[in-house]
Amino acid sequence: METKIFKPNQVEAAAALLRAGQLVSFPTETVYGLGADATNEAAVKQVYAAKGRPSDNPLIVTVTGPAMVEQYAQPLSTKAQALMKAFWPGSLTLILNLQPNALSQAVTGGLKTAAFRNPANQTTLNLIQAAGVPLVGPSANTSGKPSPTLAEHVYHDLKGKIAGIVDDGPAQVGVESTILDLTADVPTILRPGAVTEADLEPVIGQVRSNHHKVGKTEVPKAPGMKYKHYAPDAQVYIVDHETDWDAAFKWAQAQDYSIGVMALDNVLAAHQLPTNVEAYSLGQDLSSASHRLFAGLRHFDLESSVKGILTQGFADDGLGSAYMNRLNKSAGQVHFDPTQA
């Protein structure tokens, strides 16, 4: 299969492929998504096959706004309406109860709920409008690999497996949307993102923020709760504190293979890099680090031969919660031990 590249002014051609049951990757402000007609079960099943994704991992439904959600979800609560008004279009995904048989089990993982997202990307909103249907939209990468923030990342993973990619340049946020479960007794963050608990609570009151995993036998309500994600081929090691970097560089220098380092500019500037270390800047602060995290992991996966990647950790709150959620999954919870240097 030829994978065509479309520019933002070619969404009509991309939409025609979607209407024909084909897969097309689309841009969002967070990462690139893999689109299929959410009302076409056969097309949705192709998404799982293209990504190598477990079939009990539900898919986010990408929409143009509340009016499209109302075609599939049960009547929207006052909290849902308030959140949509405050954060849509944007990096917030809402899990809602569905109308009976509104979407296939291929979308929902067999649940009676679905996750809905209205991205802050006009090109993709135009694409959905042209297609006339909501799109499923998991990240457009091979399952388990770092999420794609460039069209080139999508092409690397899915060339020949999907019909097209709409290229709208780099994603601005760099980590996937916050997922908030509105079907729980207390609204619960199932995946942290750029929209934080502190952002949500002034709008709807109490939010629970500590339910990010499920057991082996549970069906997850949202992506990223059950399976290993975001992992490059090289082992990632989290460096928890800036004071640990002296030991981290000493350890790296002692290895007989190449080591990658992903850290803020001030950390990189403060150390003489060993000859076997390749550095990737995470910028100047947590915001830039979140934006560059997946791109850095992709860099070491595709353009380097390192066998380990030392990556800077941050405090696990606010945007740091989203960053550390992805980094911990990428590393398989492996943290650098400064006593080993």
# chains A, B, ... in the order shown; residues from 1 in each chain; ligands from 1
>>> residues_around(residues="A:Ile238", least_positions_apart="2", cutoff="8 Å", atoms="only C-alpha atoms", output="PyMOL selection string")
chain A and resi 236+240+310-313+327-328+331+334-336
>>> residues_around(residues="A:Ala151", least_positions_apart="4", cutoff="8 Å", atoms="only C-alpha atoms", output="ChimeraX atom specification")
/A:27,32,155,165-170
>>> write_last_selection(atoms="all heavy atoms", output="compact mmCIF listing (two decimals), in the first residue's frame")
# COMPACT_ATOMS: atom_id res chain seq x y z
N PRO A 27 -2.93 15.38 12.35
CA PRO A 27 -2.19 16.13 13.37
C PRO A 27 -3.10 16.62 14.48
O PRO A 27 -4.29 16.86 14.27
CB PRO A 27 -1.65 17.33 12.57
CG PRO A 27 -2.72 17.58 11.54
CD PRO A 27 -3.26 16.22 11.18
N TYR A 32 0.49 13.10 16.84
CA TYR A 32 -0.26 12.69 15.64
C TYR A 32 -1.14 11.50 15.97
O TYR A 32 -0.72 10.56 16.67
CB TYR A 32 0.69 12.35 14.50
CG TYR A 32 1.09 13.55 13.67
CD1 TYR A 32 1.96 14.50 14.17
CD2 TYR A 32 0.58 13.74 12.38
CE1 TYR A 32 2.32 15.61 13.42
CE2 TYR A 32 0.93 14.85 11.62
CZ TYR A 32 1.80 15.79 12.15
OH TYR A 32 2.15 16.89 11.41
N TYR A 155 5.37 8.19 9.41
CA TYR A 155 5.79 7.52 8.18
C TYR A 155 6.77 6.39 8.50
O TYR A 155 6.69 5.31 7.91
CB TYR A 155 6.43 8.54 7.25
CG TYR A 155 6.64 8.05 5.83
CD1 TYR A 155 5.57 7.96 4.94
CD2 TYR A 155 7.90 7.67 5.38
CE1 TYR A 155 5.75 7.50 3.64
CE2 TYR A 155 8.09 7.20 4.09
CZ TYR A 155 7.02 7.13 3.22
OH TYR A 155 7.20 6.68 1.94
N ILE A 165 -1.16 10.36 5.38
CA ILE A 165 -0.76 11.16 6.53
C ILE A 165 -1.00 12.62 6.18
O ILE A 165 -0.53 13.10 5.14
CB ILE A 165 0.73 10.97 6.89
CG1 ILE A 165 1.05 9.50 7.17
CG2 ILE A 165 1.12 11.85 8.08
CD1 ILE A 165 2.54 9.21 7.23
N VAL A 166 -1.73 13.34 7.02
CA VAL A 166 -1.90 14.78 6.84
C VAL A 166 -0.79 15.47 7.65
O VAL A 166 -0.78 15.41 8.87
CB VAL A 166 -3.29 15.25 7.31
CG1 VAL A 166 -3.43 16.76 7.10
CG2 VAL A 166 -4.38 14.51 6.54
N ASP A 167 0.13 16.10 6.95
CA ASP A 167 1.30 16.72 7.57
C ASP A 167 1.02 18.19 7.87
O ASP A 167 0.88 19.01 6.96
CB ASP A 167 2.50 16.59 6.62
CG ASP A 167 3.80 17.11 7.23
OD1 ASP A 167 3.76 17.67 8.35
OD2 ASP A 167 4.85 16.96 6.58
N ASP A 168 0.96 18.51 9.16
CA ASP A 168 0.72 19.89 9.58
C ASP A 168 1.85 20.38 10.49
O ASP A 168 1.64 21.19 11.39
CB ASP A 168 -0.63 20.00 10.30
CG ASP A 168 -1.10 21.45 10.44
OD1 ASP A 168 -0.70 22.28 9.60
OD2 ASP A 168 -1.86 21.74 11.39
N GLY A 169 3.07 19.82 10.29
CA GLY A 169 4.21 20.26 11.07
C GLY A 169 4.26 19.63 12.44
O GLY A 169 3.49 18.72 12.76
N PRO A 170 5.16 20.12 13.30
CA PRO A 170 5.35 19.52 14.63
C PRO A 170 4.18 19.79 15.57
O PRO A 170 3.55 20.85 15.52
CB PRO A 170 6.63 20.17 15.14
CG PRO A 170 6.72 21.46 14.40
CD PRO A 170 6.13 21.21 13.05
>>> atom_distance(atom1="atom CA of A:Ser177", atom2="atom CA of A:Glu29")
9.0 Å
>>> closest_residue(among="A:Asn9, A:Asn325, A:Thr124, A:Ser143", to="A:Ala231", atoms="only C-alpha atoms")
A:Ser143
>>> select_by_dssp(residues="stretch 3-224 of chain A", states="alpha helix (DSSP H)", output="PDB file with N, CA, C and O atoms, in the first residue's frame")
ATOM      1  N   VAL A  11      -7.239  18.300   2.661  1.00  0.00           N
ATOM      2  CA  VAL A  11      -8.012  17.437   3.570  1.00  0.00           C
ATOM      3  C   VAL A  11      -9.194  16.767   2.874  1.00  0.00           C
ATOM      4  O   VAL A  11      -9.619  15.693   3.302  1.00  0.00           O
ATOM      5  N   GLU A  12      -9.725  17.360   1.810  1.00  0.00           N
ATOM      6  CA  GLU A  12     -10.841  16.718   1.109  1.00  0.00           C
ATOM      7  C   GLU A  12     -10.414  15.365   0.547  1.00  0.00           C
ATOM      8  O   GLU A  12     -11.164  14.383   0.628  1.00  0.00           O
ATOM      9  N   ALA A  13      -9.209  15.297  -0.022  1.00  0.00           N
ATOM     10  CA  ALA A  13      -8.712  14.026  -0.559  1.00  0.00           C
ATOM     11  C   ALA A  13      -8.474  13.015   0.558  1.00  0.00           C
ATOM     12  O   ALA A  13      -8.779  11.819   0.412  1.00  0.00           O
ATOM     13  N   ALA A  14      -7.943  13.477   1.683  1.00  0.00           N
ATOM     14  CA  ALA A  14      -7.728  12.587   2.827  1.00  0.00           C
ATOM     15  C   ALA A  14      -9.059  12.108   3.388  1.00  0.00           C
ATOM     16  O   ALA A  14      -9.200  10.933   3.778  1.00  0.00           O
ATOM     17  N   ALA A  15     -10.052  12.997   3.437  1.00  0.00           N
ATOM     18  CA  ALA A  15     -11.373  12.623   3.944  1.00  0.00           C
ATOM     19  C   ALA A  15     -12.036  11.571   3.061  1.00  0.00           C
ATOM     20  O   ALA A  15     -12.744  10.685   3.559  1.00  0.00           O
ATOM     21  N   ALA A  16     -11.791  11.632   1.765  1.00  0.00           N
ATOM     22  CA  ALA A  16     -12.360  10.633   0.854  1.00  0.00           C
ATOM     23  C   ALA A  16     -11.818   9.247   1.178  1.00  0.00           C
ATOM     24  O   ALA A  16     -12.559   8.249   1.113  1.00  0.00           O
ATOM     25  N   LEU A  17     -10.545   9.164   1.538  1.00  0.00           N
ATOM     26  CA  LEU A  17      -9.969   7.878   1.942  1.00  0.00           C
ATOM     27  C   LEU A  17     -10.638   7.367   3.216  1.00  0.00           C
ATOM     28  O   LEU A  17     -10.930   6.171   3.343  1.00  0.00           O
ATOM     29  N   LEU A  18     -10.867   8.261   4.178  1.00  0.00           N
ATOM     30  CA  LEU A  18     -11.519   7.863   5.433  1.00  0.00           C
ATOM     31  C   LEU A  18     -12.935   7.350   5.173  1.00  0.00           C
ATOM     32  O   LEU A  18     -13.352   6.337   5.740  1.00  0.00           O
ATOM     33  N   ARG A  19     -13.670   8.045   4.315  1.00  0.00           N
ATOM     34  CA  ARG A  19     -15.039   7.606   3.993  1.00  0.00           C
ATOM     35  C   ARG A  19     -15.035   6.246   3.309  1.00  0.00           C
ATOM     36  O   ARG A  19     -16.011   5.484   3.404  1.00  0.00           O
ATOM     37  N   GLU A  41     -16.894  -0.365  11.704  1.00  0.00           N
ATOM     38  CA  GLU A  41     -16.201  -1.343  12.542  1.00  0.00           C
ATOM     39  C   GLU A  41     -15.015  -1.979  11.826  1.00  0.00           C
ATOM     40  O   GLU A  41     -13.949  -2.193  12.418  1.00  0.00           O
ATOM     41  N   ALA A  42     -15.163  -2.275  10.540  1.00  0.00           N
ATOM     42  CA  ALA A  42     -14.067  -2.898   9.801  1.00  0.00           C
ATOM     43  C   ALA A  42     -12.864  -1.960   9.734  1.00  0.00           C
ATOM     44  O   ALA A  42     -11.714  -2.392   9.876  1.00  0.00           O
ATOM     45  N   ALA A  43     -13.123  -0.674   9.530  1.00  0.00           N
ATOM     46  CA  ALA A  43     -12.032   0.302   9.476  1.00  0.00           C
ATOM     47  C   ALA A  43     -11.352   0.424  10.834  1.00  0.00           C
ATOM     48  O   ALA A  43     -10.119   0.498  10.920  1.00  0.00           O
ATOM     49  N   VAL A  44     -12.150   0.434  11.897  1.00  0.00           N
ATOM     50  CA  VAL A  44     -11.593   0.547  13.246  1.00  0.00           C
ATOM     51  C   VAL A  44     -10.689  -0.647  13.557  1.00  0.00           C
ATOM     52  O   VAL A  44      -9.610  -0.493  14.139  1.00  0.00           O
ATOM     53  N   LYS A  45     -11.096  -1.828  13.157  1.00  0.00           N
ATOM     54  CA  LYS A  45     -10.281  -3.018  13.416  1.00  0.00           C
ATOM     55  C   LYS A  45      -8.944  -2.943  12.693  1.00  0.00           C
ATOM     56  O   LYS A  45      -7.942  -3.501  13.160  1.00  0.00           O
ATOM     57  N   GLN A  46      -8.901  -2.243  11.565  1.00  0.00           N
ATOM     58  CA  GLN A  46      -7.632  -2.066  10.854  1.00  0.00           C
ATOM     59  C   GLN A  46      -6.640  -1.240  11.678  1.00  0.00           C
ATOM     60  O   GLN A  46      -5.426  -1.408  11.552  1.00  0.00           O
ATOM     61  N   VAL A  47      -7.150  -0.344  12.525  1.00  0.00           N
ATOM     62  CA  VAL A  47      -6.280   0.464  13.377  1.00  0.00           C
ATOM     63  C   VAL A  47      -5.491  -0.433  14.322  1.00  0.00           C
ATOM     64  O   VAL A  47      -4.276  -0.272  14.499  1.00  0.00           O
ATOM     65  N   TYR A  48      -6.178  -1.378  14.952  1.00  0.00           N
ATOM     66  CA  TYR A  48      -5.501  -2.306  15.862  1.00  0.00           C
ATOM     67  C   TYR A  48      -4.427  -3.100  15.118  1.00  0.00           C
ATOM     68  O   TYR A  48      -3.320  -3.310  15.620  1.00  0.00           O
ATOM     69  N   ALA A  49      -4.758  -3.537  13.909  1.00  0.00           N
ATOM     70  CA  ALA A  49      -3.809  -4.338  13.136  1.00  0.00           C
ATOM     71  C   ALA A  49      -2.596  -3.505  12.726  1.00  0.00           C
ATOM     72  O   ALA A  49      -1.453  -3.963  12.825  1.00  0.00           O
ATOM     73  N   ALA A  50      -2.828  -2.273  12.273  1.00  0.00           N
ATOM     74  CA  ALA A  50      -1.728  -1.415  11.814  1.00  0.00           C
ATOM     75  C   ALA A  50      -0.769  -1.083  12.952  1.00  0.00           C
ATOM     76  O   ALA A  50       0.450  -1.046  12.770  1.00  0.00           O
ATOM     77  N   LYS A  51      -1.313  -0.848  14.148  1.00  0.00           N
ATOM     78  CA  LYS A  51      -0.490  -0.476  15.296  1.00  0.00           C
ATOM     79  C   LYS A  51       0.075  -1.679  16.048  1.00  0.00           C
ATOM     80  O   LYS A  51       1.036  -1.524  16.822  1.00  0.00           O
ATOM     81  N   PRO A  66     -19.075  19.551  20.809  1.00  0.00           N
ATOM     82  CA  PRO A  66     -20.142  18.919  21.595  1.00  0.00           C
ATOM     83  C   PRO A  66     -21.296  18.374  20.773  1.00  0.00           C
ATOM     84  O   PRO A  66     -21.866  17.329  21.115  1.00  0.00           O
ATOM     85  N   ALA A  67     -21.663  19.042  19.691  1.00  0.00           N
ATOM     86  CA  ALA A  67     -22.802  18.582  18.891  1.00  0.00           C
ATOM     87  C   ALA A  67     -22.556  17.191  18.325  1.00  0.00           C
ATOM     88  O   ALA A  67     -23.472  16.355  18.283  1.00  0.00           O
ATOM     89  N   MET A  68     -21.338  16.898  17.933  1.00  0.00           N
ATOM     90  CA  MET A  68     -21.022  15.568  17.412  1.00  0.00           C
ATOM     91  C   MET A  68     -21.019  14.543  18.539  1.00  0.00           C
ATOM     92  O   MET A  68     -21.461  13.402  18.358  1.00  0.00           O
ATOM     93  N   VAL A  69     -20.547  14.920  19.724  1.00  0.00           N
ATOM     94  CA  VAL A  69     -20.571  14.018  20.882  1.00  0.00           C
ATOM     95  C   VAL A  69     -22.008  13.599  21.186  1.00  0.00           C
ATOM     96  O   VAL A  69     -22.281  12.423  21.478  1.00  0.00           O
ATOM     97  N   THR A  78     -24.060  18.636  33.409  1.00  0.00           N
ATOM     98  CA  THR A  78     -23.635  20.037  33.531  1.00  0.00           C
ATOM     99  C   THR A  78     -22.111  20.116  33.637  1.00  0.00           C
ATOM    100  O   THR A  78     -21.499  21.067  33.131  1.00  0.00           O
ATOM    101  N   LYS A  79     -21.477  19.114  34.284  1.00  0.00           N
ATOM    102  CA  LYS A  79     -20.021  19.113  34.373  1.00  0.00           C
ATOM    103  C   LYS A  79     -19.388  18.919  33.004  1.00  0.00           C
ATOM    104  O   LYS A  79     -18.403  19.596  32.658  1.00  0.00           O
ATOM    105  N   ALA A  80     -19.940  18.003  32.215  1.00  0.00           N
ATOM    106  CA  ALA A  80     -19.399  17.776  30.875  1.00  0.00           C
ATOM    107  C   ALA A  80     -19.526  19.040  30.031  1.00  0.00           C
ATOM    108  O   ALA A  80     -18.571  19.430  29.329  1.00  0.00           O
ATOM    109  N   GLN A  81     -20.668  19.687  30.112  1.00  0.00           N
ATOM    110  CA  GLN A  81     -20.871  20.908  29.333  1.00  0.00           C
ATOM    111  C   GLN A  81     -19.911  22.012  29.769  1.00  0.00           C
ATOM    112  O   GLN A  81     -19.342  22.728  28.926  1.00  0.00           O
ATOM    113  N   ALA A  82     -19.693  22.120  31.066  1.00  0.00           N
ATOM    114  CA  ALA A  82     -18.794  23.155  31.581  1.00  0.00           C
ATOM    115  C   ALA A  82     -17.354  22.899  31.137  1.00  0.00           C
ATOM    116  O   ALA A  82     -16.628  23.835  30.771  1.00  0.00           O
ATOM    117  N   LEU A  83     -16.945  21.638  31.162  1.00  0.00           N
ATOM    118  CA  LEU A  83     -15.583  21.295  30.756  1.00  0.00           C
ATOM    119  C   LEU A  83     -15.376  21.527  29.263  1.00  0.00           C
ATOM    120  O   LEU A  83     -14.320  22.022  28.843  1.00  0.00           O
ATOM    121  N   MET A  84     -16.363  21.175  28.471  1.00  0.00           N
ATOM    122  CA  MET A  84     -16.254  21.409  27.032  1.00  0.00           C
ATOM    123  C   MET A  84     -16.163  22.898  26.723  1.00  0.00           C
ATOM    124  O   MET A  84     -15.377  23.321  25.860  1.00  0.00           O
ATOM    125  N   LYS A  85     -16.933  23.697  27.448  1.00  0.00           N
ATOM    126  CA  LYS A  85     -16.888  25.136  27.241  1.00  0.00           C
ATOM    127  C   LYS A  85     -15.544  25.716  27.649  1.00  0.00           C
ATOM    128  O   LYS A  85     -15.001  26.605  26.980  1.00  0.00           O
ATOM    129  N   ALA A  86     -14.967  25.190  28.720  1.00  0.00           N
ATOM    130  CA  ALA A  86     -13.718  25.735  29.252  1.00  0.00           C
ATOM    131  C   ALA A  86     -12.482  25.260  28.497  1.00  0.00           C
ATOM    132  O   ALA A  86     -11.516  26.022  28.340  1.00  0.00           O
ATOM    133  N   PHE A  87     -12.473  23.994  28.016  1.00  0.00           N
ATOM    134  CA  PHE A  87     -11.222  23.400  27.529  1.00  0.00           C
ATOM    135  C   PHE A  87     -11.259  22.906  26.088  1.00  0.00           C
ATOM    136  O   PHE A  87     -10.221  22.474  25.574  1.00  0.00           O
ATOM    137  N   GLN A 105     -17.970  -2.339  19.669  1.00  0.00           N
ATOM    138  CA  GLN A 105     -17.044  -2.782  20.706  1.00  0.00           C
ATOM    139  C   GLN A 105     -15.594  -2.634  20.264  1.00  0.00           C
ATOM    140  O   GLN A 105     -14.692  -2.561  21.095  1.00  0.00           O
ATOM    141  N   ALA A 106     -15.349  -2.557  18.971  1.00  0.00           N
ATOM    142  CA  ALA A 106     -13.993  -2.322  18.480  1.00  0.00           C
ATOM    143  C   ALA A 106     -13.478  -0.958  18.919  1.00  0.00           C
ATOM    144  O   ALA A 106     -12.286  -0.768  19.115  1.00  0.00           O
ATOM    145  N   VAL A 107     -14.393  -0.012  19.102  1.00  0.00           N
ATOM    146  CA  VAL A 107     -14.033   1.325  19.582  1.00  0.00           C
ATOM    147  C   VAL A 107     -13.922   1.337  21.098  1.00  0.00           C
ATOM    148  O   VAL A 107     -12.982   1.896  21.675  1.00  0.00           O
ATOM    149  N   THR A 108     -14.864   0.709  21.776  1.00  0.00           N
ATOM    150  CA  THR A 108     -15.016   0.854  23.228  1.00  0.00           C
ATOM    151  C   THR A 108     -14.273  -0.190  24.046  1.00  0.00           C
ATOM    152  O   THR A 108     -14.207  -0.067  25.277  1.00  0.00           O
ATOM    153  N   GLN A 122      -6.891  23.082  13.667  1.00  0.00           N
ATOM    154  CA  GLN A 122      -7.928  23.401  12.688  1.00  0.00           C
ATOM    155  C   GLN A 122      -7.879  22.469  11.489  1.00  0.00           C
ATOM    156  O   GLN A 122      -8.923  22.136  10.913  1.00  0.00           O
ATOM    157  N   THR A 123      -6.694  22.013  11.107  1.00  0.00           N
ATOM    158  CA  THR A 123      -6.585  21.097   9.971  1.00  0.00           C
ATOM    159  C   THR A 123      -7.367  19.815  10.225  1.00  0.00           C
ATOM    160  O   THR A 123      -8.107  19.333   9.358  1.00  0.00           O
ATOM    161  N   THR A 124      -7.224  19.271  11.439  1.00  0.00           N
ATOM    162  CA  THR A 124      -7.943  18.040  11.755  1.00  0.00           C
ATOM    163  C   THR A 124      -9.435  18.283  11.930  1.00  0.00           C
ATOM    164  O   THR A 124     -10.260  17.445  11.540  1.00  0.00           O
ATOM    165  N   LEU A 125      -9.807  19.421  12.485  1.00  0.00           N
ATOM    166  CA  LEU A 125     -11.238  19.740  12.566  1.00  0.00           C
ATOM    167  C   LEU A 125     -11.829  19.839  11.160  1.00  0.00           C
ATOM    168  O   LEU A 125     -12.958  19.372  10.916  1.00  0.00           O
ATOM    169  N   ASN A 126     -11.080  20.410  10.233  1.00  0.00           N
ATOM    170  CA  ASN A 126     -11.537  20.470   8.839  1.00  0.00           C
ATOM    171  C   ASN A 126     -11.646  19.072   8.243  1.00  0.00           C
ATOM    172  O   ASN A 126     -12.582  18.783   7.475  1.00  0.00           O
ATOM    173  N   LEU A 127     -10.699  18.202   8.601  1.00  0.00           N
ATOM    174  CA  LEU A 127     -10.712  16.827   8.090  1.00  0.00           C
ATOM    175  C   LEU A 127     -11.945  16.071   8.571  1.00  0.00           C
ATOM    176  O   LEU A 127     -12.619  15.386   7.786  1.00  0.00           O
ATOM    177  N   ILE A 128     -12.245  16.176   9.858  1.00  0.00           N
ATOM    178  CA  ILE A 128     -13.424  15.485  10.406  1.00  0.00           C
ATOM    179  C   ILE A 128     -14.699  16.033   9.779  1.00  0.00           C
ATOM    180  O   ILE A 128     -15.623  15.287   9.428  1.00  0.00           O
ATOM    181  N   GLN A 129     -14.745  17.355   9.628  1.00  0.00           N
ATOM    182  CA  GLN A 129     -15.916  17.992   9.012  1.00  0.00           C
ATOM    183  C   GLN A 129     -16.104  17.472   7.591  1.00  0.00           C
ATOM    184  O   GLN A 129     -17.223  17.156   7.170  1.00  0.00           O
ATOM    185  N   ALA A 130     -15.000  17.354   6.853  1.00  0.00           N
ATOM    186  CA  ALA A 130     -15.082  16.880   5.471  1.00  0.00           C
ATOM    187  C   ALA A 130     -15.483  15.413   5.407  1.00  0.00           C
ATOM    188  O   ALA A 130     -16.217  14.997   4.507  1.00  0.00           O
ATOM    189  N   ALA A 131     -14.994  14.611   6.359  1.00  0.00           N
ATOM    190  CA  ALA A 131     -15.342  13.190   6.378  1.00  0.00           C
ATOM    191  C   ALA A 131     -16.783  12.967   6.797  1.00  0.00           C
ATOM    192  O   ALA A 131     -17.418  11.986   6.399  1.00  0.00           O
ATOM    193  N   ALA A 151       5.109  14.212  11.331  1.00  0.00           N
ATOM    194  CA  ALA A 151       4.600  13.309  10.302  1.00  0.00           C
ATOM    195  C   ALA A 151       5.658  12.275   9.921  1.00  0.00           C
ATOM    196  O   ALA A 151       5.329  11.127   9.595  1.00  0.00           O
ATOM    197  N   GLU A 152       6.943  12.678   9.988  1.00  0.00           N
ATOM    198  CA  GLU A 152       8.019  11.742   9.655  1.00  0.00           C
ATOM    199  C   GLU A 152       8.038  10.545  10.609  1.00  0.00           C
ATOM    200  O   GLU A 152       8.367   9.424  10.203  1.00  0.00           O
ATOM    201  N   HIS A 153       7.692  10.783  11.891  1.00  0.00           N
ATOM    202  CA  HIS A 153       7.634   9.680  12.854  1.00  0.00           C
ATOM    203  C   HIS A 153       6.553   8.678  12.449  1.00  0.00           C
ATOM    204  O   HIS A 153       6.743   7.459  12.537  1.00  0.00           O
ATOM    205  N   VAL A 154       5.407   9.210  12.021  1.00  0.00           N
ATOM    206  CA  VAL A 154       4.302   8.336  11.585  1.00  0.00           C
ATOM    207  C   VAL A 154       4.735   7.516  10.375  1.00  0.00           C
ATOM    208  O   VAL A 154       4.512   6.301  10.303  1.00  0.00           O
ATOM    209  N   TYR A 155       5.371   8.186   9.412  1.00  0.00           N
ATOM    210  CA  TYR A 155       5.793   7.524   8.179  1.00  0.00           C
ATOM    211  C   TYR A 155       6.766   6.387   8.495  1.00  0.00           C
ATOM    212  O   TYR A 155       6.686   5.307   7.907  1.00  0.00           O
ATOM    213  N   HIS A 156       7.670   6.618   9.447  1.00  0.00           N
ATOM    214  CA  HIS A 156       8.634   5.575   9.811  1.00  0.00           C
ATOM    215  C   HIS A 156       7.933   4.329  10.326  1.00  0.00           C
ATOM    216  O   HIS A 156       8.273   3.205   9.951  1.00  0.00           O
ATOM    217  N   ASP A 157       6.947   4.517  11.196  1.00  0.00           N
ATOM    218  CA  ASP A 157       6.285   3.373  11.829  1.00  0.00           C
ATOM    219  C   ASP A 157       5.246   2.698  10.927  1.00  0.00           C
ATOM    220  O   ASP A 157       5.087   1.479  10.971  1.00  0.00           O
ATOM    221  N   LEU A 158       4.521   3.501  10.141  1.00  0.00           N
ATOM    222  CA  LEU A 158       3.311   2.982   9.503  1.00  0.00           C
ATOM    223  C   LEU A 158       3.329   3.055   7.974  1.00  0.00           C
ATOM    224  O   LEU A 158       2.300   2.804   7.335  1.00  0.00           O
ATOM    225  N   GLU A 197      -5.115  18.832  37.271  1.00  0.00           N
ATOM    226  CA  GLU A 197      -6.123  18.845  38.334  1.00  0.00           C
ATOM    227  C   GLU A 197      -6.410  20.270  38.783  1.00  0.00           C
ATOM    228  O   GLU A 197      -7.569  20.654  39.022  1.00  0.00           O
ATOM    229  N   ALA A 198      -5.357  21.090  38.885  1.00  0.00           N
ATOM    230  CA  ALA A 198      -5.531  22.487  39.302  1.00  0.00           C
ATOM    231  C   ALA A 198      -6.321  23.288  38.283  1.00  0.00           C
ATOM    232  O   ALA A 198      -7.002  24.260  38.643  1.00  0.00           O
ATOM    233  N   ASP A 199      -6.259  22.901  37.010  1.00  0.00           N
ATOM    234  CA  ASP A 199      -7.060  23.570  35.975  1.00  0.00           C
ATOM    235  C   ASP A 199      -8.520  23.138  36.051  1.00  0.00           C
ATOM    236  O   ASP A 199      -9.437  23.948  35.831  1.00  0.00           O
ATOM    237  N   LEU A 200      -8.746  21.857  36.354  1.00  0.00           N
ATOM    238  CA  LEU A 200     -10.091  21.282  36.290  1.00  0.00           C
ATOM    239  C   LEU A 200     -10.963  21.658  37.479  1.00  0.00           C
ATOM    240  O   LEU A 200     -12.166  21.930  37.322  1.00  0.00           O
ATOM    241  N   GLU A 201     -10.384  21.660  38.674  1.00  0.00           N
ATOM    242  CA  GLU A 201     -11.204  21.813  39.886  1.00  0.00           C
ATOM    243  C   GLU A 201     -11.933  23.149  39.980  1.00  0.00           C
ATOM    244  O   GLU A 201     -13.063  23.182  40.491  1.00  0.00           O
ATOM    245  N   PRO A 202     -11.371  24.277  39.516  1.00  0.00           N
ATOM    246  CA  PRO A 202     -12.167  25.514  39.544  1.00  0.00           C
ATOM    247  C   PRO A 202     -13.412  25.458  38.667  1.00  0.00           C
ATOM    248  O   PRO A 202     -14.362  26.226  38.873  1.00  0.00           O
ATOM    249  N   VAL A 203     -13.429  24.535  37.702  1.00  0.00           N
ATOM    250  CA  VAL A 203     -14.555  24.433  36.778  1.00  0.00           C
ATOM    251  C   VAL A 203     -15.631  23.479  37.287  1.00  0.00           C
ATOM    252  O   VAL A 203     -16.829  23.761  37.190  1.00  0.00           O
ATOM    253  N   ILE A 204     -15.217  22.323  37.867  1.00  0.00           N
ATOM    254  CA  ILE A 204     -16.210  21.299  38.248  1.00  0.00           C
ATOM    255  C   ILE A 204     -16.086  20.820  39.685  1.00  0.00           C
ATOM    256  O   ILE A 204     -16.808  19.923  40.101  1.00  0.00           O
TER     257      ILE A 204
END
>>> residues_around(residues="stretch 284-299 of chain A", least_positions_apart="2", cutoff="6 Å", atoms="only C-alpha atoms", output="list in words")
Pro146, Val173, Gly174, Leu264, Asp265, Leu282, Asp301, Leu302, Glu303 and Tyr323 of chain A
>>> select_by_dssp(residues="stretch 39-124 of chain A", states="strand (DSSP E)", output="short mmCIF file (atom, residue, chain, number, x, y, z; two decimals) with N, CA and C atoms, in the first residue's frame")
data_model
loop_
_atom_site.label_atom_id
_atom_site.label_comp_id
_atom_site.auth_asym_id
_atom_site.auth_seq_id
_atom_site.Cartn_x
_atom_site.Cartn_y
_atom_site.Cartn_z
N ILE A 60 -9.80 6.51 21.53
CA ILE A 60 -10.40 7.83 21.70
C ILE A 60 -11.16 8.19 20.43
N VAL A 61 -12.32 8.80 20.61
CA VAL A 61 -13.15 9.26 19.49
C VAL A 61 -12.93 10.77 19.33
N THR A 62 -12.43 11.15 18.16
CA THR A 62 -12.07 12.54 17.90
C THR A 62 -13.20 13.23 17.15
N LEU A 92 -7.96 17.96 26.39
CA LEU A 92 -8.75 17.28 27.41
C LEU A 92 -9.68 16.28 26.74
N THR A 93 -9.56 15.01 27.15
CA THR A 93 -10.43 13.95 26.66
C THR A 93 -11.39 13.56 27.78
N LEU A 94 -12.66 13.42 27.45
CA LEU A 94 -13.70 13.11 28.44
C LEU A 94 -14.30 11.73 28.18
N ILE A 95 -14.33 10.90 29.22
CA ILE A 95 -15.00 9.60 29.14
C ILE A 95 -16.45 9.77 29.56
N LEU A 96 -17.37 9.36 28.67
CA LEU A 96 -18.80 9.57 28.87
C LEU A 96 -19.55 8.26 28.64
N ASN A 97 -20.72 8.15 29.25
CA ASN A 97 -21.60 7.01 28.99
C ASN A 97 -22.20 7.14 27.60
N THR A 113 -18.87 2.86 27.72
CA THR A 113 -18.38 4.23 27.75
C THR A 113 -17.44 4.43 26.56
N ALA A 114 -17.17 5.70 26.26
CA ALA A 114 -16.17 6.03 25.25
C ALA A 114 -15.52 7.35 25.63
N ALA A 115 -14.29 7.52 25.14
CA ALA A 115 -13.53 8.75 25.40
C ALA A 115 -13.64 9.66 24.18
N PHE A 116 -14.00 10.93 24.43
CA PHE A 116 -14.20 11.89 23.34
C PHE A 116 -13.21 13.04 23.47
N ARG A 117 -12.66 13.46 22.33
CA ARG A 117 -11.69 14.56 22.32
C ARG A 117 -11.94 15.49 21.15
#
>>> residues_around(residues="stretch 207-209 of chain A", least_positions_apart="3", cutoff="12 Å", atoms="only C-alpha atoms", output="number ranges by chain")
A: 79, 178-182, 184-193, 195-204, 212-213, 316-318, 321-322
